[in-house]
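protein03.txt (compact mmCIF, C-alpha atoms)
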```
# COMPACT_ATOMS: atom_id res chain seq x y z
CA MET A 1 90.53 81.16 100.27
CA ASN A 2 88.39 83.73 102.12
CA ASN A 3 90.02 82.95 105.47
CA TYR A 4 93.47 83.15 103.92
CA ILE A 5 92.72 86.49 102.29
CA GLU A 6 91.05 87.99 105.37
CA LYS A 7 94.00 86.88 107.49
CA TYR A 8 96.65 88.44 105.24
CA LYS A 9 94.70 91.30 103.63
CA GLY A 10 96.91 94.37 103.15
CA ILE A 11 100.22 92.53 103.61
CA HIS A 12 102.55 92.28 100.62
CA PRO A 13 102.05 88.83 99.03
CA GLY A 14 105.82 88.36 98.94
CA ILE A 15 105.93 88.39 102.73
CA ILE A 16 103.25 85.69 102.83
CA LEU A 17 105.14 83.76 100.18
CA GLU A 18 108.30 83.92 102.30
CA ARG A 19 106.36 82.40 105.20
CA GLU A 20 105.08 79.63 102.93
CA PHE A 21 108.63 78.81 101.83
CA LYS A 22 109.82 78.61 105.42
CA LYS A 23 106.83 76.56 106.49
CA ARG A 24 107.43 74.09 103.64
CA ALA A 25 111.23 74.22 104.00
CA LEU A 26 111.63 75.35 100.39
CA HIS A 27 114.58 77.30 99.08
CA LYS A 28 113.82 80.26 96.84
CA ARG A 29 116.49 79.72 94.19
CA PRO A 30 115.57 76.14 93.24
CA PHE A 31 111.88 77.02 93.46
CA ALA A 32 112.32 80.01 91.13
CA LEU A 33 114.24 77.93 88.62
CA SER A 34 111.61 75.17 88.76
CA ILE A 35 108.93 77.62 87.59
CA GLY A 36 111.20 79.24 84.99
CA GLU A 37 111.75 82.48 86.86
CA HIS A 38 114.88 84.40 87.82
CA PRO A 39 115.87 83.84 91.47
CA GLN A 40 116.53 87.57 91.90
CA THR A 41 112.94 88.34 90.89
CA LEU A 42 111.51 85.92 93.43
CA SER A 43 113.88 87.23 96.09
CA ALA A 44 112.80 90.85 95.48
CA ILE A 45 109.15 89.80 95.70
CA THR A 46 109.60 87.90 98.97
CA LYS A 47 111.31 90.95 100.47
CA GLY A 48 108.33 93.11 99.47
CA LYS A 49 110.46 95.23 97.13
CA ARG A 50 108.68 94.21 93.94
CA LYS A 51 105.08 93.63 92.92
CA LEU A 52 103.83 90.16 92.15
CA ASN A 53 102.40 90.10 88.62
CA THR A 54 99.49 87.86 87.64
CA SER A 55 101.51 85.54 85.42
CA LEU A 56 104.07 84.78 88.11
CA ALA A 57 101.40 84.53 90.80
CA LEU A 58 99.60 81.83 88.81
CA LYS A 59 102.84 79.85 88.37
CA ILE A 60 103.59 80.05 92.09
CA GLU A 61 100.03 79.14 93.12
CA GLU A 62 100.03 76.12 90.84
CA LYS A 63 103.41 74.90 92.09
CA LEU A 64 102.49 75.39 95.77
CA GLY A 65 98.95 74.05 95.39
CA LEU A 66 97.35 77.33 96.46
CA GLU A 67 93.90 78.27 95.22
CA GLU A 68 94.09 80.15 91.93
CA GLY A 69 94.01 83.92 92.33
CA THR A 70 94.93 84.02 96.02
CA LEU A 71 98.25 85.80 95.58
CA VAL A 72 96.86 88.15 92.94
CA ILE A 73 94.03 89.18 95.26
CA LEU A 74 96.52 89.72 98.07
CA GLN A 75 98.62 91.91 95.74
CA THR A 76 95.51 93.90 94.87
CA TYR A 77 94.63 94.48 98.52
CA PHE A 78 98.23 95.52 99.18
CA ASP A 79 98.07 97.98 96.26
CA ILE A 80 94.80 99.39 97.60
CA ASN A 81 96.42 99.94 101.01
CA GLU A 82 99.37 101.70 99.40
CA GLU A 83 97.05 104.02 97.46
CA LYS A 84 95.12 104.85 100.62
CA LYS A 85 98.38 105.73 102.35
CA LYS A 86 99.28 108.06 99.48
CA LYS A 87 95.94 109.83 99.82
CA GLU A 88 96.50 110.29 103.54
CA THR A 89 99.39 112.62 102.91
CA ASN A 90 101.18 114.27 105.76
CA LYS A 91 99.85 117.72 105.09
CA PRO A 92 96.66 119.58 105.87
CA ASN A 93 94.13 120.50 103.20
CA LEU A 94 95.94 123.33 101.40
CA GLU A 95 92.70 124.49 99.80
CA ILE A 96 91.60 125.69 103.24
CA LEU A 97 94.86 127.36 104.32
CA ARG A 98 95.55 130.73 102.67
CA LYS A 99 98.96 131.06 101.05
CA SER A 100 99.18 134.59 102.44
CA LEU A 101 99.58 133.11 105.95
CA PHE A 102 102.92 131.76 104.80
CA TRP A 103 104.06 134.80 102.83
CA ASP A 104 107.71 134.18 103.68
CA THR A 105 107.89 130.59 102.40
CA ASP A 106 106.53 128.32 99.69
CA ILE A 107 103.50 126.59 101.26
CA ILE A 108 104.16 123.48 99.15
CA LYS A 109 107.65 123.06 100.66
CA ILE A 110 106.59 123.27 104.31
CA GLU A 111 107.50 120.15 106.27
CA TRP A 112 104.27 119.91 108.23
CA ASP A 113 105.49 117.29 110.71
CA LYS A 114 108.81 118.98 111.48
CA GLN A 115 107.63 122.59 111.51
CA TYR A 116 104.33 121.98 113.28
CA SER A 117 105.04 124.41 116.11
CA ALA A 118 105.66 127.40 113.82
CA VAL A 119 102.69 126.47 111.62
CA ILE A 120 100.32 126.19 114.58
CA ARG A 121 101.49 129.48 116.11
CA ARG A 122 101.16 131.34 112.83
CA VAL A 123 97.69 130.04 111.98
CA PHE A 124 96.37 130.67 115.49
CA GLU A 125 97.80 134.20 115.50
CA ARG A 126 96.68 135.22 111.99
CA GLY A 127 94.32 132.57 110.64
CA ASN A 128 90.56 132.47 110.37
CA GLU A 129 88.25 129.97 112.04
CA MET A 130 88.26 127.50 109.11
CA GLU A 131 92.05 127.45 109.04
CA LYS A 132 92.21 126.81 112.76
CA GLN A 133 89.69 123.98 112.46
CA GLU A 134 91.77 122.42 109.66
CA LEU A 135 94.87 122.43 111.87
CA ILE A 136 92.89 120.87 114.73
CA ARG A 137 91.75 118.14 112.34
CA PHE A 138 95.27 117.60 111.03
CA TYR A 139 97.35 117.85 114.23
CA GLY A 140 94.76 117.08 116.89
CA GLN A 141 93.53 119.23 119.77
CA GLU A 142 96.17 118.00 122.24
CA LYS A 143 99.12 118.89 120.01
CA ILE A 144 97.60 122.30 119.27
CA ASN A 145 97.11 123.03 122.98
CA ASN A 146 100.65 121.87 123.81
CA VAL A 147 102.14 124.28 121.28
CA LEU A 148 99.88 127.16 122.25
CA ASN A 149 100.60 126.63 125.97
CA GLN A 150 104.34 126.97 125.27
CA VAL A 151 103.97 130.48 123.89
CA SER A 152 101.98 133.51 124.84
CA VAL A 153 99.10 132.52 122.54
CA LEU A 154 96.07 131.23 124.46
CA PRO A 155 95.02 127.59 124.07
CA TYR A 156 92.41 127.26 121.34
CA GLU A 157 89.59 126.27 123.68
CA ILE A 158 90.13 129.41 125.77
CA TYR A 159 90.74 131.51 122.68
CA LYS A 160 87.52 130.31 121.06
CA ASN A 161 85.42 131.25 124.10
CA LYS A 162 86.70 134.85 124.26
```
How does this structure look as C-alpha cells?
Amino acid sequence: MNNYIEKYKGIHPGIILEREFKKRALHKRPFALSIGEHPQTLSAITKGKRKLNTSLALKIEEKLGLEEGTLVILQTYFDINEEKKKKETNKPNLEILRKSLFWDTDIIKIEWDKQYSAVIRRVFERGNEMEKQELIRFYGQEKINNVLNQVSVLPYEIYKNK
C-alpha cells in the first residue's frame, strides 16, 4: 500500500479509480450497480468532481481487491493538498500592507495578479521597507524590476542602495 500511496499522493482518488477501471476493462455503470451505488455518483467521483466518502471507498476497495483504506488515505492526501492551496492565496500578506496606500480602492477587492503593475508602482513610490519586502516575496524580484524598469521609478536594488 505504501508504494501505491506514495505514487498517487495528492491526486484525486477518483482519477486513480478511473485508471483502475480502464486497466481492468471495467465499465462504471455496471460496477456502480454491483456495489449498490448510483452510477452518477461513481461517474462524478472518477471525474474528480466529488469526494470519495469512507463508506463508498470501502465498498470499492473490497470489490476491486485493493487494500482496505487505500482510497480513503488518497482522499485525505488530496484534501490536504487542496487546503494547502487555499492557504497559498494569490494575495500578499495584507497585515503588512497599509490600507492607506490604496486609499482610492478597497484593498480586499484588488486583483493582485491582474493589477500587479499598478500595485508594485504604488508601493515602491509610497510604501515603507516592510511593504516593499512583502511585494518582493509575493511577486519576486524579477517581476518587480521589470515593472520598475518600465516606469521612471528606479529598480528596487538601485533604489535600496541610494
Distance in Å - CA of Phe21 in chain A versus CA of Leu64 in chain A: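 Computing it gives 9.3 Å between the two atoms.
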Residues within 10 Å of range 87-104 of chain A, only C-alpha atoms, excluding chain neighbours under 4 positions, as a PyMOL selection string: chain A and resi 81-83+108+110-113+119+122-123+125-128+130-139
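Residues surrounding range 143-151 of chain A within 9 Å are Tyr116, Ser117, Ala118, Ile120, Arg121, Phe124, Leu135, Ile136, Tyr156 and Glu157 of chain A [all atoms listed in the file; sequence separation below 5 positions excluded].
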Given all atoms listed in the file as the counted atoms, nearest of A:Thr105, A:Thr70, A:Thr54, A:Ser43 to Arg29 in chain A: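 Closest candidate: A:Ser43.
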Pairwise distance for CA of Ile16 in chain A and CA of Leu33 in chain A, rounded to one decimal in Å: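 For CA of Ile16 in chain A relative to CA of Leu33 in chain A, the distance reads 19.6 Å.
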Å distance separating CA of Ile35 in chain A from CA of Asn3 in chain A, one decimal place: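 Distance reported for this atom pair: 26.6 Å.
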Counting all atoms listed in the file, the residue of A:Gly69, A:Gly140, A:Pro30, A:Gly48 that sits nearest His12 in chain A: A:Gly48
Non-local contacts of Ile45 in chain A (12 Å; all atoms listed in the file; under 3 positions in same chain excluded) as a PyMOL selection string: chain A and resi 12-18+28+32+37-42+48-53+56-57+60+71+75
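Compared by their closest atoms to Phe78 in chain A, and using all atoms listed in the file, the residues A:Ile11, A:Phe31, A:Glu6, A:Ala25 rank with A:Ile11 nearest.
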Given 6 Å of margin on each side, can you work out the centre and size in Å (one decimal) of an axis-aligned box holding every listed atom of range 36-53 of chain A, as lines of an AutoDock Vina configuration file?
```
center_x = 109.5
center_y = 87.2
center_z = 92.7
size_x = 26.1
size_y = 28.0
size_z = 27.5
```
Complete range 40-63 of chain A at the level of N, CA and C atoms, written as a compact mmCIF listing (two decimals), keeping the file's coordinate frame.
```txt
# COMPACT_ATOMS: atom_id res chain seq x y z
N GLN A 40 116.50 86.19 91.39
CA GLN A 40 116.53 87.57 91.90
C GLN A 40 115.12 88.17 91.93
N THR A 41 114.32 87.83 90.95
CA THR A 41 112.94 88.34 90.89
C THR A 41 112.15 87.83 92.08
N LEU A 42 112.24 86.53 92.31
CA LEU A 42 111.51 85.92 93.43
C LEU A 42 112.01 86.48 94.77
N SER A 43 113.31 86.68 94.86
CA SER A 43 113.88 87.23 96.09
C SER A 43 113.36 88.65 96.36
N ALA A 44 113.30 89.47 95.32
CA ALA A 44 112.80 90.85 95.48
C ALA A 44 111.33 90.83 95.89
N ILE A 45 110.57 89.90 95.36
CA ILE A 45 109.15 89.80 95.70
C ILE A 45 108.98 89.38 97.16
N THR A 46 109.74 88.39 97.59
CA THR A 46 109.60 87.90 98.97
C THR A 46 110.09 88.91 100.00
N LYS A 47 110.88 89.87 99.56
CA LYS A 47 111.31 90.95 100.47
C LYS A 47 110.34 92.14 100.43
N GLY A 48 109.32 92.04 99.58
CA GLY A 48 108.33 93.11 99.47
C GLY A 48 108.81 94.30 98.68
N LYS A 49 109.89 94.13 97.90
CA LYS A 49 110.46 95.23 97.13
C LYS A 49 109.91 95.30 95.71
N ARG A 50 109.20 94.26 95.31
CA ARG A 50 108.68 94.21 93.94
C ARG A 50 107.27 93.65 93.97
N LYS A 51 106.45 94.12 93.03
CA LYS A 51 105.08 93.63 92.92
C LYS A 51 105.07 92.22 92.34
N LEU A 52 104.03 91.50 92.67
CA LEU A 52 103.83 90.16 92.15
C LEU A 52 102.84 90.27 90.99
N ASN A 53 103.31 90.00 89.76
CA ASN A 53 102.40 90.10 88.62
C ASN A 53 101.54 88.84 88.51
N THR A 54 100.48 88.94 87.75
CA THR A 54 99.49 87.86 87.64
C THR A 54 100.10 86.59 87.09
N SER A 55 100.90 86.71 86.05
CA SER A 55 101.51 85.54 85.42
C SER A 55 102.36 84.74 86.42
N LEU A 56 103.21 85.44 87.13
CA LEU A 56 104.07 84.78 88.11
C LEU A 56 103.26 84.23 89.27
N ALA A 57 102.26 84.99 89.70
CA ALA A 57 101.40 84.53 90.80
C ALA A 57 100.74 83.21 90.45
N LEU A 58 100.26 83.08 89.23
CA LEU A 58 99.60 81.83 88.81
C LEU A 58 100.58 80.65 88.80
N LYS A 59 101.81 80.91 88.35
CA LYS A 59 102.84 79.85 88.37
C LYS A 59 103.12 79.39 89.80
N ILE A 60 103.28 80.36 90.69
CA ILE A 60 103.59 80.05 92.09
C ILE A 60 102.44 79.30 92.74
N GLU A 61 101.22 79.78 92.53
CA GLU A 61 100.03 79.14 93.12
C GLU A 61 99.90 77.70 92.65
N GLU A 62 100.13 77.48 91.37
CA GLU A 62 100.03 76.12 90.84
C GLU A 62 101.08 75.22 91.47
N LYS A 63 102.30 75.70 91.55
CA LYS A 63 103.41 74.90 92.09
C LYS A 63 103.22 74.60 93.58
```
